[in-house]
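Data block for coords.txt (compact mmCIF, C-alpha atoms and all ligand atoms):
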```
# COMPACT_ATOMS: atom_id res chain seq x y z
CA MET A 50 -14.55 4.24 4.85
CA ASP A 51 -13.10 1.38 2.88
CA GLY A 52 -13.25 0.81 -0.90
CA ASP A 53 -14.75 -2.55 -1.93
CA ALA A 54 -12.26 -4.71 -3.88
CA PHE A 55 -10.79 -1.34 -4.71
CA PHE A 56 -8.20 -2.06 -7.43
CA VAL A 57 -10.57 -4.34 -9.33
CA ALA A 58 -13.41 -1.86 -8.87
CA CYS A 59 -11.27 0.86 -10.51
CA GLU A 60 -10.54 -1.49 -13.41
CA VAL A 61 -14.26 -2.21 -13.86
CA SER A 62 -15.06 1.50 -13.71
CA LYS A 63 -12.42 2.10 -16.42
CA ASN A 64 -13.62 -0.81 -18.52
CA PRO A 65 -17.28 -1.65 -17.83
CA SER A 66 -17.12 -4.80 -19.98
CA LEU A 67 -15.42 -6.40 -16.95
CA ARG A 68 -18.51 -5.92 -14.80
CA GLY A 69 -19.95 -9.08 -13.31
CA LYS A 70 -16.91 -11.11 -14.32
CA PRO A 71 -14.40 -12.84 -12.07
CA ALA A 72 -11.25 -10.70 -12.20
CA VAL A 73 -8.12 -10.07 -10.15
CA THR A 74 -5.32 -7.52 -10.28
CA GLY A 75 -1.67 -8.22 -9.50
CA GLU A 76 -0.38 -9.88 -12.66
CA GLU A 77 2.82 -7.84 -12.43
CA ARG A 78 3.39 -8.97 -8.83
CA GLY A 79 2.73 -12.63 -9.51
CA ILE A 80 0.00 -12.74 -6.83
CA ALA A 81 -3.64 -11.66 -6.66
CA THR A 82 -3.70 -8.23 -4.99
CA ALA A 83 -7.42 -7.45 -5.35
CA ILE A 84 -10.21 -9.84 -6.18
CA SER A 85 -13.64 -9.09 -7.62
CA TYR A 86 -16.56 -10.45 -5.63
CA GLU A 87 -17.30 -12.81 -8.53
CA ALA A 88 -13.76 -14.25 -8.29
CA LYS A 89 -14.08 -14.46 -4.50
CA ALA A 90 -17.24 -16.51 -4.96
CA LEU A 91 -15.24 -19.01 -7.04
CA GLY A 92 -12.80 -19.45 -4.16
CA VAL A 93 -9.98 -17.12 -5.21
CA SER A 94 -8.25 -15.52 -2.25
CA ARG A 95 -5.91 -12.60 -1.79
CA GLY A 96 -2.25 -13.43 -2.24
CA MET A 97 -2.93 -16.50 -4.37
CA PRO A 98 -0.09 -16.99 -6.89
CA ILE A 99 -1.07 -16.09 -10.44
CA PHE A 100 0.26 -19.36 -11.93
CA GLN A 101 -1.96 -21.32 -9.53
CA LEU A 102 -4.90 -19.11 -10.41
CA LYS A 103 -4.41 -19.71 -14.12
CA LYS A 104 -4.36 -23.43 -13.54
CA ASN A 105 -7.26 -23.74 -11.09
CA PHE A 106 -9.48 -20.85 -12.20
CA PRO A 107 -9.07 -20.46 -15.96
CA SER A 108 -12.17 -18.24 -16.20
CA VAL A 109 -10.66 -15.53 -13.99
CA ILE A 110 -9.45 -12.43 -15.83
CA ILE A 111 -5.97 -11.41 -14.69
CA LEU A 112 -5.04 -7.74 -14.89
CA PRO A 113 -1.78 -5.90 -14.23
CA GLY A 114 -2.02 -3.24 -11.52
CA ASP A 115 -2.40 0.35 -12.71
CA TYR A 116 -1.38 2.28 -9.61
CA ALA A 117 -1.51 5.72 -11.20
CA THR A 118 -5.22 5.21 -11.92
CA TYR A 119 -5.89 3.80 -8.45
CA ALA A 120 -4.22 6.83 -6.87
CA LEU A 121 -6.47 9.09 -8.95
CA TYR A 122 -9.65 7.26 -7.93
CA SER A 123 -8.39 7.32 -4.36
CA GLN A 124 -8.03 11.11 -4.37
CA LYS A 125 -11.46 11.60 -5.97
CA MET A 126 -13.03 9.27 -3.42
CA PHE A 127 -11.47 11.20 -0.51
CA ASP A 128 -12.48 14.50 -2.12
CA VAL A 129 -16.13 13.42 -1.87
CA VAL A 130 -15.69 12.85 1.89
CA ARG A 131 -14.07 16.30 2.19
CA ARG A 132 -17.30 17.88 0.95
CA TYR A 133 -18.76 16.94 4.35
CA THR A 134 -15.84 17.48 6.75
CA ASP A 135 -12.32 18.92 6.69
CA THR A 136 -10.99 16.32 9.07
CA VAL A 137 -10.09 13.43 6.79
CA GLU A 138 -7.15 11.13 7.36
CA GLU A 139 -6.00 9.19 4.30
CA TYR A 140 -5.12 5.92 5.93
CA SER A 141 -4.32 3.89 2.84
CA ILE A 142 -5.02 4.12 -0.86
CA ASP A 143 -8.63 2.96 -0.33
CA GLU A 144 -9.32 3.73 3.32
CA CYS A 145 -9.85 6.94 5.22
CA PHE A 146 -11.01 8.08 8.62
CA ALA A 147 -13.17 11.18 8.87
CA ASP A 148 -14.45 13.08 11.87
CA LEU A 149 -18.08 14.06 11.36
CA THR A 150 -18.67 15.26 14.92
CA GLY A 151 -20.99 18.23 14.97
CA TRP A 152 -21.76 18.34 11.26
CA GLN A 153 -25.41 17.23 11.42
CA LYS A 154 -26.67 20.72 12.29
CA PRO A 155 -24.83 22.81 9.72
CA LEU A 156 -25.49 20.19 7.03
CA ARG A 157 -29.10 19.65 8.20
CA MET A 158 -28.66 15.90 7.91
CA THR A 159 -28.42 13.01 10.30
CA TYR A 160 -25.10 11.17 10.40
CA ARG A 161 -26.71 8.32 8.50
CA GLU A 162 -27.87 10.72 5.79
CA ILE A 163 -24.36 12.17 5.47
CA LEU A 164 -22.95 8.68 4.97
CA GLU A 165 -25.66 7.74 2.50
CA ASN A 166 -24.87 10.86 0.51
CA ILE A 167 -21.14 10.10 0.47
CA LYS A 168 -21.86 6.59 -0.78
CA LYS A 169 -24.26 7.85 -3.42
CA GLU A 170 -21.89 10.53 -4.74
CA ILE A 171 -18.97 8.11 -4.94
CA LYS A 172 -21.15 5.60 -6.78
CA GLU A 173 -22.45 8.23 -9.21
CA GLU A 174 -19.16 9.97 -9.88
CA LEU A 175 -16.67 7.09 -9.79
CA ASP A 176 -18.87 4.06 -10.37
CA ILE A 177 -17.34 2.18 -7.44
CA THR A 178 -18.79 1.20 -4.07
CA VAL A 179 -17.45 1.73 -0.57
CA SER A 180 -18.30 0.37 2.86
CA ILE A 181 -18.63 2.81 5.72
CA GLY A 182 -18.58 2.33 9.46
CA LEU A 183 -19.69 5.00 11.91
CA ALA A 184 -18.59 4.70 15.52
CA PRO A 185 -17.39 6.76 18.50
CA THR A 186 -13.73 5.71 17.99
CA LYS A 187 -11.38 4.85 15.13
CA THR A 188 -10.91 1.29 16.36
CA LEU A 189 -14.68 0.70 16.41
CA ALA A 190 -15.15 2.47 13.07
CA LYS A 191 -12.68 0.01 11.60
CA VAL A 192 -14.80 -2.88 12.92
CA ALA A 193 -17.94 -1.25 11.51
CA SER A 194 -16.50 -0.60 8.04
CA LYS A 195 -15.48 -4.26 7.66
CA TRP A 196 -18.75 -5.53 9.11
CA CYS A 197 -20.84 -5.53 5.99
CA LYS A 198 -19.16 -5.57 2.58
CA PRO A 199 -19.60 -4.65 -0.21
CA ASP A 200 -21.62 -1.44 -0.18
CA GLY A 201 -22.17 -1.58 3.58
CA LEU A 202 -23.19 1.03 6.11
CA THR A 203 -22.80 -0.06 9.72
CA ILE A 204 -23.29 2.07 12.79
CA ILE A 205 -21.81 1.07 16.13
CA SER A 206 -22.88 3.07 19.16
CA LYS A 207 -22.07 2.96 22.87
CA GLU A 208 -25.30 1.08 23.40
CA ASN A 209 -24.83 -1.71 20.86
CA SER A 210 -21.02 -2.02 20.66
CA HIS A 211 -20.84 -5.23 22.72
CA GLU A 212 -23.05 -7.09 20.21
CA PHE A 213 -20.44 -6.42 17.52
CA LEU A 214 -17.36 -7.02 19.66
CA LEU A 215 -18.61 -10.47 20.69
CA LYS A 216 -18.25 -11.52 17.06
CA VAL A 217 -14.82 -10.02 16.37
CA PRO A 218 -11.95 -12.48 16.90
CA ILE A 219 -9.09 -10.87 18.82
CA TYR A 220 -6.67 -11.28 15.89
CA ASN A 221 -8.96 -9.15 13.72
CA VAL A 222 -8.79 -6.13 16.00
CA TRP A 223 -6.96 -3.26 14.31
CA GLY A 224 -3.44 -2.94 15.75
CA ILE A 225 -3.25 -6.38 17.34
CA GLY A 226 -0.63 -8.50 15.61
CA PRO A 227 -0.18 -12.29 15.58
CA SER A 228 2.11 -12.55 18.63
CA THR A 229 -0.06 -10.29 20.79
CA SER A 230 -3.19 -12.22 19.80
CA GLN A 231 -1.45 -15.45 20.76
CA PHE A 232 -0.52 -13.97 24.12
CA LEU A 233 -4.08 -12.75 24.66
CA MET A 234 -5.60 -16.08 23.64
CA ARG A 235 -3.39 -17.83 26.17
CA HIS A 236 -5.10 -15.56 28.72
CA ASP A 237 -8.47 -16.66 27.40
CA ILE A 238 -9.12 -13.42 25.54
CA LYS A 239 -10.58 -14.69 22.29
CA THR A 240 -12.73 -11.79 21.09
CA ALA A 241 -12.63 -8.02 21.06
CA HIS A 242 -15.38 -8.20 23.67
CA ASP A 243 -13.18 -10.26 26.01
CA LEU A 244 -10.45 -7.64 25.74
CA ALA A 245 -12.83 -4.70 26.24
CA ASN A 246 -14.18 -6.38 29.39
CA LYS A 247 -10.79 -6.84 31.09
CA ASP A 248 -10.27 -4.41 33.93
CA LYS A 249 -7.91 -1.49 33.61
CA ALA A 250 -5.40 -2.87 36.12
CA TRP A 251 -5.01 -6.10 34.16
CA ILE A 252 -4.44 -4.22 30.89
CA GLU A 253 -1.90 -1.87 32.47
CA HIS A 254 -0.06 -4.73 34.09
CA PHE A 255 0.19 -7.04 31.09
CA LEU A 256 0.15 -4.78 28.04
CA SER A 257 2.00 -1.74 26.75
CA LYS A 258 0.58 1.68 25.93
CA PRO A 259 -0.66 1.02 22.35
CA TYR A 260 -2.84 -1.84 23.65
CA PHE A 261 -4.12 0.29 26.49
CA ASP A 262 -5.25 2.74 23.80
CA ILE A 263 -6.97 -0.07 21.89
CA TRP A 264 -8.70 -1.19 25.08
CA GLN A 265 -9.96 2.37 25.67
CA GLU A 266 -11.16 2.69 22.10
CA LEU A 267 -13.01 -0.63 22.27
CA ASN A 268 -14.72 0.86 25.31
CA CYS A 269 -15.90 3.84 23.24
CA LEU A 270 -13.31 6.29 24.54
CA SER A 271 -11.66 8.02 21.60
CA VAL A 272 -7.89 8.35 22.12
CA ARG A 273 -6.56 7.88 18.61
CA ALA A 274 -6.87 11.25 16.93
CA ILE A 275 -7.73 11.62 13.28
CA ASP A 276 -4.71 13.11 11.57
CA PRO A 277 -5.63 15.10 8.45
CA GLU A 278 -1.92 15.65 7.76
CA ALA A 279 -1.12 11.97 7.47
CA LYS A 280 -0.26 11.28 3.88
CA ASN A 281 -0.31 7.56 3.46
CA SER A 282 -2.15 7.48 0.18
CA TYR A 283 0.84 5.94 -1.57
CA ALA A 284 0.03 2.30 -0.94
CA SER A 285 2.97 1.54 -3.18
CA ILE A 286 5.40 3.30 -5.44
CA GLN A 287 6.02 1.74 -8.80
CA LYS A 288 8.61 2.66 -11.41
CA THR A 289 8.68 0.83 -14.71
CA LYS A 290 10.31 1.42 -18.05
CA THR A 291 9.84 -0.14 -21.46
CA PHE A 292 12.87 -0.06 -23.74
CA HIS A 293 13.60 -0.57 -27.43
CA PRO A 294 14.76 -2.91 -28.73
CA PRO A 295 13.74 -5.71 -26.32
CA THR A 296 16.74 -7.57 -24.92
CA LYS A 297 18.00 -10.55 -22.92
CA ASN A 298 21.21 -8.78 -21.93
CA ILE A 299 21.59 -9.26 -18.17
CA PRO A 300 23.82 -6.26 -17.37
CA PHE A 301 21.42 -4.02 -19.25
CA LEU A 302 18.34 -5.43 -17.49
CA LEU A 303 20.04 -5.02 -14.12
CA SER A 304 20.91 -1.49 -14.99
CA GLU A 305 17.28 -0.75 -15.91
CA LEU A 306 16.20 -2.23 -12.59
CA SER A 307 18.80 -0.12 -10.87
CA LYS A 308 17.29 2.99 -12.45
CA ASN A 309 13.78 1.87 -11.42
CA VAL A 310 14.95 1.33 -7.84
CA GLU A 311 16.69 4.69 -7.67
CA ALA A 312 13.62 6.51 -8.98
CA ALA A 313 11.23 4.67 -6.63
CA CYS A 314 13.49 5.30 -3.62
CA LEU A 315 13.78 8.98 -4.50
CA LYS A 316 10.00 9.30 -4.49
CA ALA A 317 9.71 7.33 -1.25
CA ARG A 318 12.24 9.60 0.47
CA HIS A 319 10.43 12.64 -0.86
CA TYR A 320 7.28 11.52 0.99
CA HIS A 321 9.29 10.25 4.00
CA LEU A 322 8.20 6.70 3.33
CA ALA A 323 10.07 3.42 3.52
CA ALA A 324 9.06 0.02 2.17
CA LYS A 325 8.81 -3.28 3.98
CA ARG A 326 8.62 -5.24 0.74
CA VAL A 327 10.21 -4.69 -2.63
CA HIS A 328 8.89 -6.33 -5.71
CA PHE A 329 10.46 -6.40 -9.16
CA PHE A 330 9.44 -7.85 -12.49
CA LEU A 331 10.68 -8.51 -15.99
CA LYS A 332 8.05 -8.39 -18.71
CA THR A 333 8.66 -10.46 -21.81
CA GLN A 334 8.04 -9.60 -25.42
CA GLU A 335 4.88 -11.74 -25.13
CA PHE A 336 3.70 -9.46 -22.30
CA ARG A 337 4.22 -12.10 -19.64
CA TYR A 338 5.37 -11.00 -16.24
CA HIS A 339 8.08 -12.77 -14.27
CA ALA A 340 8.23 -11.41 -10.78
CA ILE A 341 9.52 -11.87 -7.27
CA GLU A 342 8.92 -10.08 -3.99
CA ILE A 343 11.61 -9.50 -1.38
CA PRO A 344 10.68 -8.81 2.25
CA PHE A 345 12.98 -6.61 4.35
CA LEU A 346 13.47 -6.87 8.09
CA SER A 347 13.38 -3.10 8.45
CA PRO A 348 11.71 -0.63 6.10
CA VAL A 349 14.03 0.60 3.32
CA ASN A 350 14.24 3.48 0.88
CA LEU A 351 17.91 3.33 -0.07
CA PRO A 352 18.89 1.80 -3.42
CA GLU A 353 22.25 0.59 -2.06
CA ILE A 354 20.39 -1.75 0.27
CA ILE A 355 17.71 -2.90 -2.16
CA LEU A 356 19.84 -3.53 -5.26
CA PRO A 357 22.12 -6.26 -3.88
CA GLN A 358 19.00 -8.17 -2.78
CA ILE A 359 17.54 -7.92 -6.27
CA GLU A 360 20.80 -9.10 -7.81
CA LYS A 361 20.80 -12.06 -5.45
CA VAL A 362 17.45 -13.39 -6.71
CA PHE A 363 17.60 -12.07 -10.26
CA ASN A 364 18.35 -15.50 -11.70
CA LYS A 365 15.14 -16.89 -10.24
CA VAL A 366 13.18 -14.50 -12.44
CA TYR A 367 15.39 -14.27 -15.51
CA ARG A 368 15.29 -16.93 -18.22
CA SER A 369 17.84 -16.93 -21.00
CA ASP A 370 15.30 -18.18 -23.56
CA ARG A 371 13.14 -15.07 -23.14
CA ILE A 372 13.44 -11.58 -24.50
CA TYR A 373 12.36 -8.74 -22.24
CA ARG A 374 10.82 -5.40 -23.03
CA THR A 375 10.06 -3.85 -19.65
CA THR A 376 11.44 -3.86 -16.12
CA GLY A 377 9.68 -2.57 -13.05
CA VAL A 378 10.11 -2.12 -9.33
CA THR A 379 7.42 -1.58 -6.72
CA LEU A 380 8.05 -0.49 -3.15
CA ARG A 381 5.27 -1.99 -1.09
CA GLU A 382 3.89 -1.73 2.44
CA LEU A 383 5.11 1.80 2.74
CA ILE A 384 5.23 3.21 6.21
CA SER A 385 5.98 6.73 7.24
CA GLN A 386 9.54 7.23 8.26
CA ARG A 387 9.46 9.81 10.98
CA VAL A 388 12.65 8.66 12.67
CA THR A 389 15.84 7.34 11.13
CA GLN A 390 16.08 4.01 9.39
CA PRO A 391 16.35 1.36 12.08
CA ASP A 392 19.17 -1.07 12.41
CA LEU A 393 19.47 -3.39 9.43
CA PHE A 394 21.53 -6.55 9.87
CA GLY A 395 23.71 -4.59 12.30
CA ASN A 396 24.55 -2.09 9.59
CA SER A 397 23.19 0.98 11.28
CA ILE A 398 26.33 3.07 10.85
CA LYS A 399 26.54 2.29 7.16
CA THR A 400 22.82 3.08 6.77
CA ASP A 401 23.20 6.39 8.60
CA SER A 402 25.96 7.57 6.30
CA LEU A 403 24.02 6.44 3.22
CA GLU A 404 21.10 8.47 4.46
CA MET A 405 23.29 11.53 4.77
CA ILE A 406 24.60 11.01 1.26
CA HIS A 407 21.06 10.70 -0.06
CA GLU A 408 19.97 13.88 1.66
CA GLN A 409 22.69 15.66 -0.30
CA ILE A 410 21.83 13.89 -3.55
CA ASP A 411 18.14 14.63 -3.18
CA SER A 412 18.84 18.32 -2.80
CA LEU A 413 21.17 18.25 -5.83
CA GLU A 414 18.44 16.60 -7.89
CA GLU A 415 15.97 19.20 -6.76
CA LYS A 416 18.33 21.88 -8.04
CA PHE A 417 19.72 20.31 -11.21
CA GLY A 418 17.18 17.72 -12.28
CA ARG A 419 16.79 13.96 -12.42
CA HIS A 420 19.78 11.65 -12.59
CA VAL A 421 22.25 14.44 -11.97
CA VAL A 422 23.78 11.98 -9.53
CA HIS A 423 23.15 8.29 -9.80
CA LEU A 424 24.50 4.89 -8.97
CA ALA A 425 27.14 3.46 -11.27
CA SER A 426 24.85 0.46 -11.70
CA THR A 427 22.33 2.71 -13.42
CA GLN A 428 24.91 4.01 -15.89
CA LYS A 429 24.30 1.46 -18.66
CA SER A 430 20.64 2.31 -18.81
CA LEU A 431 21.42 6.01 -19.11
CA ASN A 432 24.15 5.47 -21.71
CA ARG A 433 21.61 3.99 -24.03
CA LYS A 434 19.41 7.00 -23.69
CA VAL A 435 22.27 9.48 -24.08
CA LYS A 436 23.26 8.03 -27.43
CA GLY A 437 22.34 10.49 -30.16
CA THR A 438 20.47 12.77 -27.81
CA ASP A 439 21.28 16.10 -26.42
CA SER A 440 24.77 16.44 -25.02
CA ASN A 441 23.53 18.09 -21.84
CA ASP A 442 22.85 14.60 -20.58
CA LEU A 443 26.57 13.93 -20.57
CA ASP A 444 27.24 16.98 -18.45
CA ARG A 445 24.77 15.74 -15.91
CA ASP A 446 26.81 12.65 -15.06
CA LEU A 447 28.80 14.52 -12.48
CA LEU A 448 29.38 12.00 -9.83
CA PHE A 449 29.05 8.27 -9.43
CA LEU A 450 28.68 6.48 -6.16
MG MG B 501 -10.64 -2.10 0.71
```

Can the structure from this file be put into structure tokens for me?
Ligand SMILES: [Mg+2]
Amino acid sequence: MDGDAFFVACEVSKNPSLRGKPAVTGEERGIATAISYEAKALGVSRGMPIFQLKKNFPSVIILPGDYATYALYSQKMFDVVRRYTDTVEEYSIDECFADLTGWQKPLRMTYREILENIKKEIKEELDITVSIGLAPTKTLAKVASKWCKPDGLTIISKENSHEFLLKVPIYNVWGIGPSTSQFLMRHDIKTAHDLANKDKAWIEHFLSKPYFDIWQELNCLSVRAIDPEAKNSYASIQKTKTFHPPTKNIPFLLSELSKNVEAACLKARHYHLAAKRVHFFLKTQEFRYHAIEIPFLSPVNLPEIILPQIEKVFNKVYRSDRIYRTTGVTLRELISQRVTQPDLFGNSIKTDSLEMIHEQIDSLEEKFGRHVVHLASTQKSLNRKVKGTDSNDLDRDLLFL
């Protein structure tokens, strides 16, 4: 199941006056993150820079992301699915896999009726639409859920699967990245159907295990289990803070960002997640966002690695003729961090010891509360808060890194 233009749909549900209008979310990121179908019809595409959008599509309404609300809608949407089966894997904030095998009898419904009910209940209770795909494997279900959007219901069976796969370009198959699709296309495999039709020996000779699994799944053999424990519902973690009075003071703004980064990283580590992209913004007194996104070679959740990168590009975002009221940091493309942080610019030893330090800090924070230990770069931001408030805050500043 996949939410249709999910972030925008949540905004419309919150504020029905937006219905039927071209709208996008992502103002705070500086790029369109979700696009209403009306905006799509105008030619707006995902990832389009906001400044370009304002220039070329002045009628499009631009909204800042409200991730707390999206997470709430997400949970409610998945709760509806859980009325019909316990086996639900939250794959992303607006996508889940669910295993319905065997539920027709106890529920006295056909599979199609179950899906129609899920769609109806989500529509009635949340006022958003979803697209659902039913298939014998996760890989095929993914094809089916994208097949007809919005508000789709597509069923792929063993008997008809080849009709669908003929129309799926190889680079759109779930789990096949750009370099693998290039390799496959060089071998004349252009569609999912071409790949499914290769013989086993060819697949085993040329491709590694994950692609063998994909090949099996395209051939209706389910090998990717649905994992109800997977907790990937945090599509991103955002920490923002508005301060008074607004300021243009660079050390203070950096210190606020430092606090945002520390808080976001703490949450990421708590859920064993690490981010492939980090985004930060400064919001002016006029409520304008100035933002930049930084990609990382390996997923990160340590502030000591993220902060120097933010400092490096800070001047691209900051303008001395503006006064700022809010800073914010978003960790994006979160992936679960089951093993240790991989090598980063050859700094694996440094990263390992930072991880050990953070394990200790995280347990101290659990015991004694937030900010009991923090980076020196966060100090300025905390000083401001401490002024005139309860002196306990001073006692908390036990140790600086
Ligand atoms: Mg979606």

Rounded to one decimal in Å, what is the spacing between atom CA of A:Tyr220 and atom CA of A:Lys239?
8.2 Å

Interatomic distance, atom CA of A:Pro294 to atom CA of A:Ser430 (Å, one decimal):
12.7 Å

Site check for ligand MG 501 (chain B): residues at most 7 Å away, only C-alpha atoms and all ligand atoms, as a tab-separated table (two decimals) with C-alpha atoms, in the frame of the given file:
```tsv
chain	number	residue	atom	x	y	z
A	51	ASP	CA	-13.10	1.38	2.88
A	52	GLY	CA	-13.25	0.81	-0.90
A	53	ASP	CA	-14.75	-2.55	-1.93
A	54	ALA	CA	-12.26	-4.71	-3.88
A	55	PHE	CA	-10.79	-1.34	-4.71
A	143	ASP	CA	-8.63	2.96	-0.33
A	144	GLU	CA	-9.32	3.73	3.32
```

Between A:Ser228, A:Thr375, A:Ser307, A:Asn221, single out the one closest to A:Phe292, counting all atoms listed in the file.
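Nearest to A:Phe292: A:Thr375.
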
Between A:Leu267, A:Met126, A:Leu302, A:Leu403, which residue has the minimum interatomic distance to A:Asn364, considering only C-alpha atoms?
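Nearest to A:Asn364: A:Leu302.
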
Atom CA of A:Arg318 and atom CA of A:Ser123, how far apart in Å?
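A separation of 21.3 Å between them.
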
A:Asn309, A:Thr203, A:Ser347, A:Thr291: which is nearest A:Ala323, counting all atoms listed in the file?
A:Ser347

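Distance check against A:Ala317 using only C-alpha atoms: of A:Glu360, A:Gly377, A:Ala274, A:Asp411, the minimum falls on A:Asp411.
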
At a cut-off of 10 Å around the point (12.3, -10.5, 3.6) (file coordinates), what residues fall inside when counting only C-alpha atoms? I'd like the answer as a ChimeraX atom specification.
/A:325-327,342-347,358

Any idea what's packed within 12 Å of A:Ile110, counting all atoms listed in the file, ignoring anything in its chain fewer than 6 positions away? Could you give it as a PyMOL selection string?
chain A and resi 57+60-61+66-76+81+83-85+87-88+93+99+102-103

Local residues around (-8.6, 3.8, 13.3), at most 6 Å away, using all atoms listed in the file, as a VMD selection string:
chain A and resid 187 to 188 191

Which residues, written as a ChimeraX atom specification, have at least one atom at most 12 Å from A:Lys249, with only C-alpha atoms counted and residues fewer than 4 positions away on the same chain left out?
/A:244-245,253-256,258,260-265,268

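Taking all atoms listed in the file into account, A:Ile372 lies nearest to A:Lys297 out of the set A:Arg132, A:Arg161, A:Lys297, A:Lys316.
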
Spatial neighbours of A:Thr376, 8 Å, all atoms listed in the file, chain gap at least 5 places, as a PyMOL selection string:
chain A and resi 289-291+302+305-306+309+329-332

Residue nearest A:Glu266 - candidates A:Ser230, A:Gln124, A:Ser210, A:Ser194, atoms counted: only C-alpha atoms:
A:Ser210

If you take every atom of stretch 368-372 of chain A that the file lists and fit an axis-aligned box around them with 4 Å extra on each side, what centre and edge lengths come out in Å to one decimal, as AutoDock Vina command-line options?
```
--center_x 15.5 --center_y -14.9 --center_z -21.4 --size_x 12.7 --size_y 14.6 --size_z 14.3
```
